[in-house]
file structure.tsv (TSV, C-alpha atoms and all ligand atoms)
chain	number	residue	atom	x	y	z
A	27	MET	CA	28.58	-31.73	-65.69
A	28	LYS	CA	28.27	-35.43	-66.45
A	29	ILE	CA	31.16	-37.83	-66.03
A	30	ARG	CA	31.44	-41.21	-67.74
A	31	GLU	CA	34.22	-43.76	-67.40
A	32	ASN	CA	35.89	-45.99	-70.01
A	33	VAL	CA	34.19	-44.58	-73.11
A	34	SER	CA	35.19	-45.78	-76.57
A	35	ILE	CA	36.68	-42.87	-78.53
A	36	SER	CA	35.26	-44.44	-81.68
A	37	THR	CA	31.80	-43.34	-80.46
A	38	LEU	CA	32.96	-39.72	-80.10
A	39	THR	CA	34.77	-39.23	-83.41
A	40	THR	CA	33.47	-39.37	-86.98
A	41	MET	CA	36.27	-41.68	-88.21
A	42	ARG	CA	34.93	-44.21	-85.68
A	43	LEU	CA	38.30	-45.55	-84.53
A	44	GLY	CA	40.17	-45.67	-81.25
A	45	GLY	CA	40.27	-47.38	-77.87
A	46	GLU	CA	38.76	-46.15	-74.61
A	47	ALA	CA	39.13	-42.81	-72.89
A	48	ARG	CA	39.46	-43.17	-69.12
A	49	TYR	CA	36.95	-40.36	-68.48
A	50	VAL	CA	34.58	-38.28	-70.58
A	51	VAL	CA	33.31	-35.09	-68.94
A	52	GLU	CA	30.35	-33.37	-70.54
A	53	ILE	CA	30.66	-29.61	-70.05
A	54	GLU	CA	27.06	-28.43	-69.96
A	55	ALA	CA	27.41	-24.96	-68.42
A	56	PRO	CA	30.20	-22.34	-68.36
A	57	GLU	CA	30.49	-22.90	-64.61
A	58	ASP	CA	31.49	-26.54	-65.26
A	59	VAL	CA	34.77	-25.66	-66.96
A	60	ASN	CA	36.86	-24.63	-63.95
A	61	PRO	CA	35.80	-27.55	-61.69
A	62	ALA	CA	36.40	-29.96	-64.57
A	63	TYR	CA	40.03	-28.80	-64.89
A	64	ASP	CA	40.36	-28.96	-61.08
A	65	LEU	CA	39.19	-32.57	-61.25
A	66	SER	CA	41.80	-33.38	-63.90
A	67	GLN	CA	44.48	-31.93	-61.61
A	68	GLU	CA	43.21	-33.93	-58.63
A	69	LYS	CA	43.40	-37.07	-60.71
A	70	ALA	CA	46.68	-35.95	-62.33
A	71	LEU	CA	45.27	-36.74	-65.76
A	72	PRO	CA	45.75	-34.89	-69.07
A	73	VAL	CA	42.79	-33.20	-70.79
A	74	PHE	CA	41.69	-33.23	-74.43
A	75	VAL	CA	38.86	-30.88	-75.47
A	76	LEU	CA	36.47	-32.36	-78.02
A	77	GLY	CA	33.54	-30.99	-79.99
A	78	GLY	CA	31.90	-33.14	-82.66
A	79	GLY	CA	35.04	-35.22	-83.25
A	80	ALA	CA	34.94	-34.47	-87.00
A	81	ASN	CA	38.60	-33.53	-87.14
A	82	THR	CA	39.93	-35.83	-84.45
A	83	LEU	CA	41.23	-39.39	-84.44
A	84	GLY	CA	41.35	-41.89	-81.60
A	85	ARG	CA	44.34	-44.20	-81.34
A	86	ASP	CA	44.12	-47.90	-80.51
A	87	GLU	CA	45.72	-47.45	-77.08
A	88	GLY	CA	42.86	-45.09	-76.13
A	89	TYR	CA	43.46	-42.10	-73.87
A	90	ASP	CA	44.56	-42.33	-70.27
A	91	GLY	CA	43.09	-38.94	-69.51
A	92	MET	CA	39.90	-36.87	-69.54
A	93	ILE	CA	38.05	-35.84	-72.67
A	94	PHE	CA	36.02	-32.67	-72.09
A	95	LEU	CA	33.01	-32.73	-74.41
A	96	ASN	CA	31.79	-29.25	-75.25
A	97	LYS	CA	28.01	-29.21	-74.75
A	98	LEU	CA	27.63	-25.44	-74.13
A	99	ARG	CA	24.56	-24.20	-76.00
A	100	GLY	CA	22.97	-20.85	-76.82
A	101	ILE	CA	22.93	-18.18	-79.54
A	102	GLU	CA	22.56	-14.41	-79.07
A	103	ALA	CA	22.44	-11.91	-81.90
A	104	ARG	CA	21.97	-8.18	-82.29
A	105	GLU	CA	21.73	-5.95	-85.34
A	106	GLU	CA	24.20	-3.13	-85.86
A	107	GLY	CA	23.23	-1.20	-88.98
A	108	ASP	CA	23.53	-3.72	-91.84
A	109	ASP	CA	25.51	-6.12	-89.68
A	110	LEU	CA	24.51	-8.93	-87.37
A	111	ILE	CA	26.75	-9.52	-84.37
A	112	LEU	CA	26.23	-13.16	-83.49
A	113	THR	CA	27.60	-14.86	-80.40
A	114	GLY	CA	27.20	-18.59	-80.04
A	115	MET	CA	28.27	-20.96	-77.30
A	116	GLY	CA	31.03	-23.33	-78.37
A	117	GLY	CA	28.93	-26.51	-78.29
A	118	GLU	CA	26.45	-25.20	-80.86
A	119	ASN	CA	26.43	-27.13	-84.11
A	120	TRP	CA	28.36	-25.13	-86.71
A	121	ASP	CA	25.86	-25.70	-89.50
A	122	ASP	CA	23.02	-24.43	-87.27
A	123	ILE	CA	24.95	-21.16	-86.95
A	124	VAL	CA	25.26	-20.95	-90.75
A	125	ALA	CA	21.54	-21.68	-91.14
A	126	TYR	CA	20.68	-18.97	-88.58
A	127	ALA	CA	22.68	-16.35	-90.52
A	128	CYS	CA	21.45	-17.38	-93.98
A	129	GLU	CA	17.78	-17.49	-93.00
A	130	ARG	CA	18.10	-13.86	-91.93
A	131	GLY	CA	19.87	-12.81	-95.15
A	132	TYR	CA	23.37	-12.30	-93.75
A	133	THR	CA	26.43	-13.15	-95.83
A	134	GLY	CA	29.86	-14.23	-94.61
A	135	ILE	CA	29.61	-17.92	-93.76
A	136	GLU	CA	27.17	-19.38	-96.32
A	137	ALA	CA	30.00	-21.09	-98.24
A	138	LEU	CA	30.91	-22.87	-94.99
A	139	SER	CA	27.57	-24.69	-94.99
A	140	ALA	CA	27.48	-28.37	-94.06
A	141	ILE	CA	30.91	-28.49	-92.43
A	142	PRO	CA	30.44	-30.95	-89.58
A	143	GLY	CA	31.37	-30.03	-86.02
A	144	THR	CA	30.90	-27.40	-83.37
A	145	LEU	CA	31.21	-23.62	-83.34
A	146	GLY	CA	33.88	-23.87	-80.62
A	147	ALA	CA	36.16	-25.91	-82.88
A	148	ALA	CA	35.69	-23.68	-85.94
A	149	PRO	CA	38.42	-21.17	-84.95
A	150	VAL	CA	40.86	-23.92	-83.97
A	151	GLN	CA	41.76	-24.74	-87.56
A	152	ASN	CA	40.05	-21.67	-89.07
A	153	ILE	CA	37.60	-23.76	-91.10
A	154	GLY	CA	37.34	-22.88	-94.74
A	155	ALA	CA	35.57	-23.93	-97.93
A	156	TYR	CA	34.50	-22.51	-101.32
A	157	GLY	CA	36.37	-19.23	-100.87
A	158	GLN	CA	35.31	-18.31	-97.34
A	159	GLU	CA	37.03	-19.00	-94.03
A	160	LEU	CA	36.00	-18.40	-90.46
A	161	ALA	CA	38.59	-15.64	-90.00
A	162	ASP	CA	36.68	-13.44	-92.53
A	163	THR	CA	33.78	-12.84	-90.14
A	164	PHE	CA	35.46	-13.57	-86.82
A	165	VAL	CA	35.30	-10.84	-84.17
A	166	SER	CA	36.41	-12.50	-80.93
A	167	LEU	CA	36.16	-15.58	-78.76
A	168	GLN	CA	36.10	-16.31	-75.08
A	169	ALA	CA	38.19	-19.14	-73.77
A	170	PHE	CA	39.04	-20.59	-70.39
A	171	ASP	CA	42.77	-20.57	-69.79
A	172	ARG	CA	43.73	-23.68	-67.85
A	173	GLU	CA	47.01	-22.07	-66.72
A	174	THR	CA	45.56	-18.92	-65.14
A	175	GLU	CA	42.09	-20.42	-64.50
A	176	THR	CA	40.45	-17.31	-65.94
A	177	VAL	CA	38.35	-16.59	-69.02
A	178	LYS	CA	40.22	-14.59	-71.64
A	179	GLU	CA	38.90	-12.78	-74.71
A	180	PHE	CA	40.83	-13.15	-77.97
A	181	THR	CA	40.64	-10.76	-80.93
A	182	ARG	CA	41.18	-11.91	-84.51
A	183	GLU	CA	44.77	-10.64	-84.44
A	184	GLU	CA	45.49	-12.58	-81.26
A	185	CYS	CA	44.20	-15.80	-82.83
A	186	ASP	CA	46.78	-15.42	-85.64
A	187	PHE	CA	44.64	-17.26	-88.20
A	188	GLY	CA	46.19	-18.86	-91.28
A	189	TYR	CA	45.38	-21.75	-93.61
A	190	ARG	CA	43.86	-24.40	-91.29
A	191	ARG	CA	45.66	-22.85	-88.35
A	192	SER	CA	45.40	-20.55	-85.35
A	193	ILE	CA	47.25	-20.30	-82.06
A	194	PHE	CA	44.81	-22.96	-80.77
A	195	ASN	CA	46.30	-25.71	-82.91
A	196	THR	CA	49.88	-24.42	-82.87
A	197	SER	CA	51.63	-22.38	-80.13
A	198	LYS	CA	48.75	-22.59	-77.59
A	199	ARG	CA	47.47	-26.08	-78.41
A	200	GLY	CA	45.71	-27.61	-75.42
A	201	GLN	CA	45.84	-24.51	-73.21
A	202	TYR	CA	42.32	-23.14	-73.79
A	203	PHE	CA	38.73	-24.32	-73.71
A	204	ILE	CA	36.86	-22.16	-76.24
A	205	MET	CA	33.53	-21.27	-74.65
A	206	SER	CA	31.94	-18.87	-77.11
A	207	VAL	CA	32.63	-17.26	-80.49
A	208	THR	CA	31.42	-13.92	-81.88
A	209	LEU	CA	31.03	-13.27	-85.61
A	210	ARG	CA	30.13	-10.15	-87.60
A	211	LEU	CA	27.89	-10.93	-90.59
A	212	HIS	CA	26.69	-8.49	-93.21
A	213	LYS	CA	23.34	-8.07	-95.00
A	214	GLY	CA	24.04	-8.90	-98.62
A	215	GLU	CA	25.52	-11.60	-100.78
A	216	MET	CA	28.83	-13.11	-101.93
A	217	THR	CA	30.62	-11.02	-104.52
A	218	GLY	CA	33.36	-11.86	-107.01
A	219	PRO	CA	33.99	-15.12	-108.84
A	220	LEU	CA	32.74	-18.28	-107.13
A	221	TYR	CA	34.59	-21.58	-106.91
A	222	ASN	CA	34.32	-23.50	-110.18
A	223	SER	CA	32.30	-26.40	-108.83
A	224	LEU	CA	29.86	-24.03	-107.15
A	225	GLN	CA	29.45	-21.84	-110.25
A	226	THR	CA	28.98	-24.95	-112.41
A	227	TYR	CA	26.21	-26.16	-110.09
A	228	LEU	CA	24.45	-22.78	-110.25
A	229	ASP	CA	24.78	-22.68	-114.06
A	230	GLU	CA	23.49	-26.24	-114.46
A	231	HIS	CA	20.44	-25.37	-112.37
A	232	ALA	CA	19.97	-21.98	-114.08
A	233	ILE	CA	20.34	-20.22	-110.74
A	234	THR	CA	21.48	-16.61	-110.94
A	235	ALA	CA	20.60	-15.50	-107.41
A	236	ARG	CA	23.46	-15.26	-104.95
A	237	ASP	CA	21.63	-14.56	-101.72
A	238	PRO	CA	23.03	-16.43	-98.70
A	239	GLN	CA	20.24	-19.00	-98.59
A	240	THR	CA	20.66	-19.88	-102.30
A	241	ILE	CA	24.44	-20.24	-101.93
A	242	ARG	CA	23.92	-22.31	-98.76
A	243	GLU	CA	21.63	-24.71	-100.59
A	244	ALA	CA	24.02	-24.94	-103.56
A	245	VAL	CA	27.07	-25.57	-101.36
A	246	THR	CA	25.17	-28.21	-99.39
A	247	ALA	CA	24.15	-29.95	-102.62
A	248	VAL	CA	27.66	-29.81	-104.15
A	249	ARG	CA	29.19	-31.18	-100.95
A	250	ALA	CA	26.61	-33.95	-100.67
A	251	GLU	CA	27.57	-35.14	-104.16
A	252	LYS	CA	31.21	-35.73	-103.37
A	253	LEU	CA	31.72	-35.78	-99.60
A	254	PRO	CA	30.64	-38.54	-97.22
A	255	ASP	CA	28.00	-37.76	-94.62
A	256	PRO	CA	29.87	-38.49	-91.37
A	257	THR	CA	26.66	-39.53	-89.62
A	258	THR	CA	26.40	-42.55	-91.92
A	259	THR	CA	29.87	-42.94	-93.49
A	260	PRO	CA	32.87	-42.78	-91.12
A	261	SER	CA	35.38	-40.16	-92.22
A	262	ALA	CA	37.35	-37.19	-90.89
A	263	GLY	CA	36.91	-35.09	-94.05
A	264	SER	CA	40.12	-33.95	-95.76
A	265	PHE	CA	42.82	-36.17	-94.39
A	266	PHE	CA	45.81	-34.18	-95.68
A	267	LYS	CA	46.50	-30.48	-95.96
A	268	ASN	CA	47.04	-28.87	-99.34
A	269	VAL	CA	50.67	-28.13	-100.16
A	270	TYR	CA	51.80	-24.49	-100.00
A	271	LEU	CA	54.93	-23.55	-101.97
A	272	SER	CA	57.31	-20.63	-102.10
A	273	LYS	CA	57.46	-18.67	-105.39
A	274	GLY	CA	60.59	-20.57	-106.47
A	275	GLU	CA	59.10	-23.96	-105.59
A	276	ALA	CA	55.89	-23.03	-107.41
A	277	GLU	CA	57.84	-22.26	-110.59
A	278	VAL	CA	59.59	-25.63	-110.40
A	279	ALA	CA	56.25	-27.39	-109.82
A	280	ALA	CA	54.53	-25.58	-112.70
A	281	ALA	CA	57.43	-26.49	-115.02
A	282	LYS	CA	56.80	-30.17	-114.12
A	283	GLY	CA	53.13	-29.79	-115.09
A	284	ILE	CA	51.77	-29.73	-111.51
A	285	PRO	CA	48.77	-27.37	-111.30
A	286	VAL	CA	49.63	-24.55	-108.89
A	287	TYR	CA	46.91	-22.10	-107.79
A	288	THR	CA	48.39	-18.70	-107.04
A	289	ASN	CA	46.49	-16.13	-105.03
A	290	GLY	CA	48.58	-13.15	-103.92
A	291	GLU	CA	51.53	-14.53	-101.97
A	292	GLU	CA	50.06	-18.04	-101.78
A	293	ASN	CA	50.92	-20.87	-104.15
A	294	LYS	CA	48.78	-23.94	-103.52
A	295	VAL	CA	48.93	-27.47	-104.88
A	296	ASN	CA	45.79	-29.50	-104.27
A	297	ALA	CA	46.77	-32.53	-102.16
A	298	GLY	CA	43.79	-34.44	-103.59
A	299	TRP	CA	45.22	-34.00	-107.10
A	300	LEU	CA	48.58	-35.37	-105.95
A	301	ILE	CA	46.91	-38.46	-104.42
A	302	GLU	CA	44.85	-38.99	-107.56
A	303	GLN	CA	47.92	-38.68	-109.80
A	304	ALA	CA	49.72	-41.18	-107.56
A	305	GLY	CA	47.03	-43.62	-108.70
A	306	LEU	CA	45.27	-43.98	-105.36
A	307	LYS	CA	41.86	-42.43	-105.98
A	308	GLY	CA	39.16	-45.01	-105.21
A	309	GLN	CA	41.67	-47.54	-103.80
A	310	LEU	CA	40.92	-49.56	-100.67
A	311	LEU	CA	43.97	-49.63	-98.38
A	312	HIS	CA	43.76	-51.61	-95.13
A	313	GLY	CA	39.99	-51.04	-94.93
A	314	ILE	CA	40.36	-47.31	-95.67
A	315	ARG	CA	38.87	-46.08	-98.96
A	316	VAL	CA	40.45	-43.16	-100.79
A	317	ASN	CA	37.22	-41.40	-101.75
A	318	GLU	CA	36.30	-42.01	-105.38
A	319	LYS	CA	34.94	-38.47	-105.75
A	320	ALA	CA	37.44	-36.46	-103.70
A	321	ALA	CA	40.77	-38.20	-103.16
A	322	LEU	CA	41.71	-36.00	-100.23
A	323	VAL	CA	38.97	-37.59	-98.15
A	324	LEU	CA	39.61	-40.98	-96.55
A	325	ILE	CA	36.62	-43.13	-95.58
A	326	ASN	CA	36.74	-45.82	-92.94
A	327	GLU	CA	35.02	-48.55	-94.88
A	328	SER	CA	36.03	-51.63	-92.89
A	329	ALA	CA	38.99	-50.75	-90.65
A	330	SER	CA	38.54	-51.44	-86.95
A	331	LYS	CA	41.97	-50.27	-85.79
A	332	PHE	CA	43.79	-46.97	-85.93
A	333	ALA	CA	46.79	-49.06	-87.00
A	334	ASP	CA	44.96	-49.79	-90.29
A	335	LEU	CA	44.47	-46.08	-90.90
A	336	ALA	CA	48.11	-45.43	-90.03
A	337	ALA	CA	49.19	-48.09	-92.56
A	338	ALA	CA	46.99	-46.54	-95.27
A	339	ARG	CA	48.33	-43.09	-94.40
A	340	THR	CA	51.93	-44.29	-94.76
A	341	GLU	CA	51.22	-45.80	-98.19
A	342	ILE	CA	49.57	-42.63	-99.45
A	343	ARG	CA	52.31	-40.35	-98.15
A	344	GLN	CA	54.97	-42.63	-99.58
A	345	ALA	CA	53.33	-42.75	-103.02
A	346	VAL	CA	53.03	-38.93	-103.20
A	347	LEU	CA	56.55	-38.45	-101.89
A	348	GLU	CA	58.02	-40.85	-104.45
A	349	LYS	CA	56.10	-39.35	-107.37
A	350	PHE	CA	56.26	-35.63	-106.54
A	351	GLY	CA	58.71	-35.12	-103.66
A	352	TYR	CA	56.06	-33.59	-101.34
A	353	ASP	CA	55.60	-35.04	-97.86
A	354	LEU	CA	51.88	-34.62	-97.10
A	355	THR	CA	50.83	-33.37	-93.66
A	356	GLN	CA	47.86	-34.88	-91.83
A	357	GLU	CA	44.95	-32.52	-91.06
A	358	PRO	CA	42.98	-34.34	-88.29
A	359	VAL	CA	44.36	-34.22	-84.77
A	360	GLU	CA	45.13	-37.38	-82.79
A	361	ILE	CA	44.07	-37.69	-79.16
A	362	VAL	CA	47.33	-38.18	-77.27
B	1	LIG	C1	32.88	-34.98	-94.08
B	1	LIG	C2	33.72	-33.88	-93.51
B	1	LIG	C3	33.89	-32.71	-94.23
B	1	LIG	C4	34.67	-31.66	-93.72
B	1	LIG	N1	34.82	-30.53	-94.45
B	1	LIG	C5	35.58	-29.50	-93.98
B	1	LIG	C6	35.74	-28.30	-94.74
B	1	LIG	O1	35.17	-28.13	-95.82
B	1	LIG	N2	36.53	-27.31	-94.23
B	1	LIG	C7	37.15	-27.45	-93.01
B	1	LIG	O2	37.86	-26.51	-92.60
B	1	LIG	N3	37.01	-28.57	-92.27
B	1	LIG	C8	36.25	-29.59	-92.73
B	1	LIG	N4	36.11	-30.75	-91.99
B	1	LIG	C9	36.80	-30.86	-90.69
B	1	LIG	C10	35.88	-30.52	-89.49
B	1	LIG	O3	34.55	-30.49	-89.86
B	1	LIG	C11	36.27	-29.17	-88.88
B	1	LIG	O4	37.63	-29.18	-88.48
B	1	LIG	C12	35.41	-28.84	-87.66
B	1	LIG	O5	35.72	-27.54	-87.19
B	1	LIG	C13	35.57	-29.87	-86.55
B	1	LIG	O6	34.66	-29.54	-85.51
B	1	LIG	P1	34.50	-30.54	-84.29
B	1	LIG	O7	33.63	-29.89	-83.30
B	1	LIG	O8	34.08	-31.87	-84.78
B	1	LIG	O9	36.01	-30.57	-83.79
B	1	LIG	P2	36.76	-31.75	-83.04
B	1	LIG	O10	37.18	-32.79	-84.02
B	1	LIG	O11	36.00	-32.20	-81.87
B	1	LIG	O12	38.08	-30.97	-82.55
B	1	LIG	C14	39.01	-30.50	-83.51
B	1	LIG	C15	40.18	-29.82	-82.79
B	1	LIG	O13	39.70	-28.67	-82.11
B	1	LIG	C16	39.94	-28.77	-80.72
B	1	LIG	N5	38.73	-28.23	-80.07
B	1	LIG	C17	37.45	-28.60	-80.30
B	1	LIG	N6	36.60	-27.87	-79.55
B	1	LIG	C18	37.38	-27.02	-78.83
B	1	LIG	C19	37.11	-26.03	-77.86
B	1	LIG	N7	35.85	-25.73	-77.49
B	1	LIG	N8	38.14	-25.38	-77.29
B	1	LIG	C20	39.42	-25.65	-77.66
B	1	LIG	N9	39.75	-26.57	-78.57
B	1	LIG	C21	38.74	-27.26	-79.14
B	1	LIG	C22	40.15	-30.24	-80.43
B	1	LIG	O14	40.96	-30.41	-79.28
B	1	LIG	C23	40.83	-30.68	-81.71
B	1	LIG	O15	42.19	-30.35	-81.65
B	1	LIG	C24	35.31	-31.80	-92.47
B	1	LIG	C25	35.13	-32.98	-91.72
B	1	LIG	C26	34.34	-34.02	-92.23
B	1	LIG	C27	34.14	-35.26	-91.42

call {"tool": "encode", "arguments": {"input": "structure.tsv", "output": "structure tokens", "more": "lines below"}}
Ligand SMILES: Cc1cc2nc3c(=O)[nH]c(=O)nc-3n(C[C@H](O)[C@H](O)[C@H](O)COP(=O)(O)OP(=O)(O)OC[C@H]3O[C@@H](n4cnc5c(N)ncnc54)[C@H](O)[C@@H]3O)c2cc1C
result
Amino acid sequence: MKIRENVSISTLTTMRLGGEARYVVEIEAPEDVNPAYDLSQEKALPVFVLGGGANTLGRDEGYDGMIFLNKLRGIEAREEGDDLILTGMGGENWDDIVAYACERGYTGIEALSAIPGTLGAAPVQNIGAYGQELADTFVSLQAFDRETETVKEFTREECDFGYRRSIFNTSKRGQYFIMSVTLRLHKGEMTGPLYNSLQTYLDEHAITARDPQTIREAVTAVRAEKLPDPTTTPSAGSFFKNVYLSKGEAEVAAAKGIPVYTNGEENKVNAGWLIEQAGLKGQLLHGIRVNEKAALVLINESASKFADLAAARTEIRQAVLEKFGYDLTQEPVEIV
């Protein structure tokens, strides 16, 4: 375990904002986790667990606490009939896990290609894209419980996954350090209709194959066209959550001409569409650019303070609220 003092949070998060964290503790082995929490108790400091910082924002006041950086590495996999049971340590890069599965011809997570961040963070908000979400292949995870100081295994049911949610970002936020995640992948390919933008890309390139590697390459290419690469362009990905409506609310919205996507019980309005219709797509607000190609994504073009981002956020929320009556919810988590 490595400990550093007074580290700028902007260097740990892809939005590249925020003051200093008092301590950063790099968790390099499973045995580091318990002593790291003991240390936080000795120092009477709060703890924030961080992976790649792709869904996390630092505030200007910094963090008077300890950031635990998940650096646990390792992948184990075994075949079970046509399935691959893959267990990865939480600090593994998520996209490396997707590559591992696709190279071996297993379907289940190929549409989640090129999502930045770690495997350990993937269950926290149940990452999703292009019709797949982590919950679809999730088997279990192991997490250190800071209250009982033991490692607990969680099944899919216990994680209570939903749209961009699990117990780890709701009822049990902050209680667990996710150490490893196990997925069940299947030999084969994606079935059923694909997302429009993905199907359009395949059609334009005369690609009819749907094997995991082909879909992975297509998803990566489609994403690269419209999403910023966080290694070169500061961003936290989608800044707001899509809006989910009851049946009655969906009928009202549809009558007003708002596109509502209904899938079973779910009625979704694309938050990016709302921002675009509010006239903000491509705008620069306080150094924050509303992405020209995907309005849901905010890019830190020239802001140096979280306060700038907060001001841009207020303007966007206000504009959508005034035009449509929906109060948008922020997706990235703030270190507090
Ligand atoms: C350009 C871009 C595109 C993106 N596209 C998508 C997308 O298509 N779909 C999608 O769902 N998301 C997307 N995201 C968001 C982000 O990639 C995911 O949320 C990802 O899972 C974040 O991983 P991370 O390791 O960076 O998490 P972090 O930002 O480090 O952490 C996120 C949250 O998880 C908690 N956490 C992290 N690790 C652990 C752990 N080991 N134990 C317990 N809690 C932990 C943190 O405390 C925090 O609350 C995108 C982000 C960017 C920048």

call {"tool": "residues_near_ligand", "arguments": {"input": "structure.tsv", "ligand": "ligand LIG 1 (chain B)", "cutoff": "6 Å", "atoms": "all atoms listed in the file", "output": "NGL selection string"}}
result
:A and (74-82 or 96 or 116 or 141-144 or 146-148 or 150 or 153-155 or 202-205 or 253-256 or 261-263 or 359)

call {"tool": "residues_around", "arguments": {"input": "structure.tsv", "residues": "segment 221-234 of chain A", "least_positions_apart": "5", "cutoff": "8 Å", "atoms": "all atoms listed in the file", "output": "list in words"}}
result
Tyr156, Gly157, Ala244, Val245 and Val248 of chain A

call {"tool": "residues_near_point", "arguments": {"input": "structure.tsv", "point": "(26.8, -21.8, -84.1)", "cutoff": "8 Å", "atoms": "only C-alpha atoms", "output": "number ranges by chain"}}
result
A: 101, 113-124, 144-145

call {"tool": "closest_residue", "arguments": {"input": "structure.tsv", "among": "A:Asn293, A:Gln158, A:Ser139, A:Asn317", "to": "Pro260 of chain A", "atoms": "all atoms listed in the file"}}
result
A:Asn317

call {"tool": "closest_residue", "arguments": {"input": "structure.tsv", "among": "A:Asn152, A:Thr288, A:Thr258, A:Ser330", "to": "Ser192 of chain A", "atoms": "all atoms listed in the file"}}
result
A:Asn152

call {"tool": "closest_residue", "arguments": {"input": "structure.tsv", "among": "A:Ala137, A:Ala235, A:Leu211, A:Leu65", "to": "Arg249 of chain A", "atoms": "all atoms listed in the file"}}
result
A:Ala137

call {"tool": "atom_distance", "arguments": {"input": "structure.tsv", "atom1": "atom CA of Leu324 of chain A", "atom2": "atom CA of Ile35 of chain A"}}
result
18.4 Å

call {"tool": "residues_around", "arguments": {"input": "structure.tsv", "residues": "Gly200 of chain A", "least_positions_apart": "4", "cutoff": "12 Å", "atoms": "all atoms listed in the file", "output": "MDAnalysis selection string"}}
result
chainID A and resid 72:76 93:94 150 169:173 193:196 204 359 361:362

call {"tool": "atom_distance", "arguments": {"input": "structure.tsv", "atom1": "atom CA of Arg242 of chain A", "atom2": "atom CA of Asp108 of chain A"}}
result
19.8 Å

call {"tool": "axis_aligned_box", "arguments": {"input": "structure.tsv", "around": "segment 59-65 of chain A", "padding_each_side": "3 Å", "output": "JSON"}}
result
{"center_x": 37.6, "center_y": -28.6, "center_z": -64.0, "size_x": 11.6, "size_y": 13.9, "size_z": 11.9}

call {"tool": "atom_distance", "arguments": {"input": "structure.tsv", "atom1": "atom CA of Pro285 of chain A", "atom2": "atom CA of Phe265 of chain A"}}
result
20.0 Å

call {"tool": "closest_residue", "arguments": {"input": "structure.tsv", "among": "A:Gly283, A:Pro149, A:Gly107, A:Gly88", "to": "Gly45 of chain A", "atoms": "all atoms listed in the file"}}
result
A:Gly88

call {"tool": "closest_residue", "arguments": {"input": "structure.tsv", "among": "A:Val59, A:Cys128, A:Glu31, A:Leu38", "to": "Asp90 of chain A", "atoms": "all atoms listed in the file"}}
result
A:Glu31

call {"tool": "closest_residue", "arguments": {"input": "structure.tsv", "among": "A:Gln309, A:Gln303, A:Ser66, A:Thr40", "to": "Phe350 of chain A", "atoms": "all atoms listed in the file"}}
result
A:Gln303

call {"tool": "residues_around", "arguments": {"input": "structure.tsv", "residues": "Asp334 of chain A", "least_positions_apart": "4", "cutoff": "7 Å", "atoms": "only C-alpha atoms", "output": "JSON, numbers by chain"}}
result
{"A": [312, 313, 329, 338]}

call {"tool": "residues_around", "arguments": {"input": "structure.tsv", "residues": "Asn32 of chain A", "least_positions_apart": "2", "cutoff": "6 Å", "atoms": "only C-alpha atoms", "output": "PDB file with C-alpha atoms, keeping the file's coordinate frame"}}
result
ATOM      1  CA  GLU A  46      38.760 -46.150 -74.610  1.00  0.00           C
ATOM      2  CA  ALA A  47      39.130 -42.810 -72.890  1.00  0.00           C
ATOM      3  CA  ARG A  48      39.460 -43.170 -69.120  1.00  0.00           C
ATOM      4  CA  TYR A  49      36.950 -40.360 -68.480  1.00  0.00           C
TER       5      TYR A  49
END

call {"tool": "residues_near_point", "arguments": {"input": "structure.tsv", "point": "(45.4, -16.9, -91.5)", "cutoff": "10 Å", "atoms": "only C-alpha atoms", "output": "list in words"}}
result
Gln151, Asn152, Glu159, Leu160, Ala161, Asp162, Arg182, Glu183, Cys185, Asp186, Phe187, Gly188, Tyr189, Arg190, Arg191 and Ser192 of chain A

call {"tool": "decode", "arguments": {"input": "structure.tsv", "residues": "segment 76-84 of chain A", "atoms": "N, CA and C atoms", "output": "compact mmCIF listing (two decimals), in the first residue's frame"}}
result
# COMPACT_ATOMS: atom_id res chain seq x y z
N LEU A 76 -12.01 5.14 -4.97
CA LEU A 76 -11.94 5.64 -6.34
C LEU A 76 -11.29 4.61 -7.26
N GLY A 77 -11.85 4.51 -8.47
CA GLY A 77 -11.23 3.66 -9.50
C GLY A 77 -10.51 4.57 -10.48
N GLY A 78 -11.05 4.66 -11.70
CA GLY A 78 -10.43 5.50 -12.72
C GLY A 78 -10.88 6.96 -12.66
N GLY A 79 -11.82 7.27 -11.80
CA GLY A 79 -12.29 8.66 -11.68
C GLY A 79 -13.08 9.14 -12.89
N ALA A 80 -13.66 8.21 -13.65
CA ALA A 80 -14.39 8.60 -14.87
C ALA A 80 -15.83 8.97 -14.60
N ASN A 81 -16.27 8.74 -13.37
CA ASN A 81 -17.65 9.11 -13.02
C ASN A 81 -17.67 9.87 -11.71
N THR A 82 -16.57 10.56 -11.44
CA THR A 82 -16.40 11.22 -10.15
C THR A 82 -15.88 12.63 -10.35
N LEU A 83 -16.36 13.54 -9.51
CA LEU A 83 -15.96 14.94 -9.62
C LEU A 83 -15.32 15.41 -8.31
N GLY A 84 -14.25 16.17 -8.44
CA GLY A 84 -13.62 16.77 -7.26
C GLY A 84 -14.14 18.19 -7.09
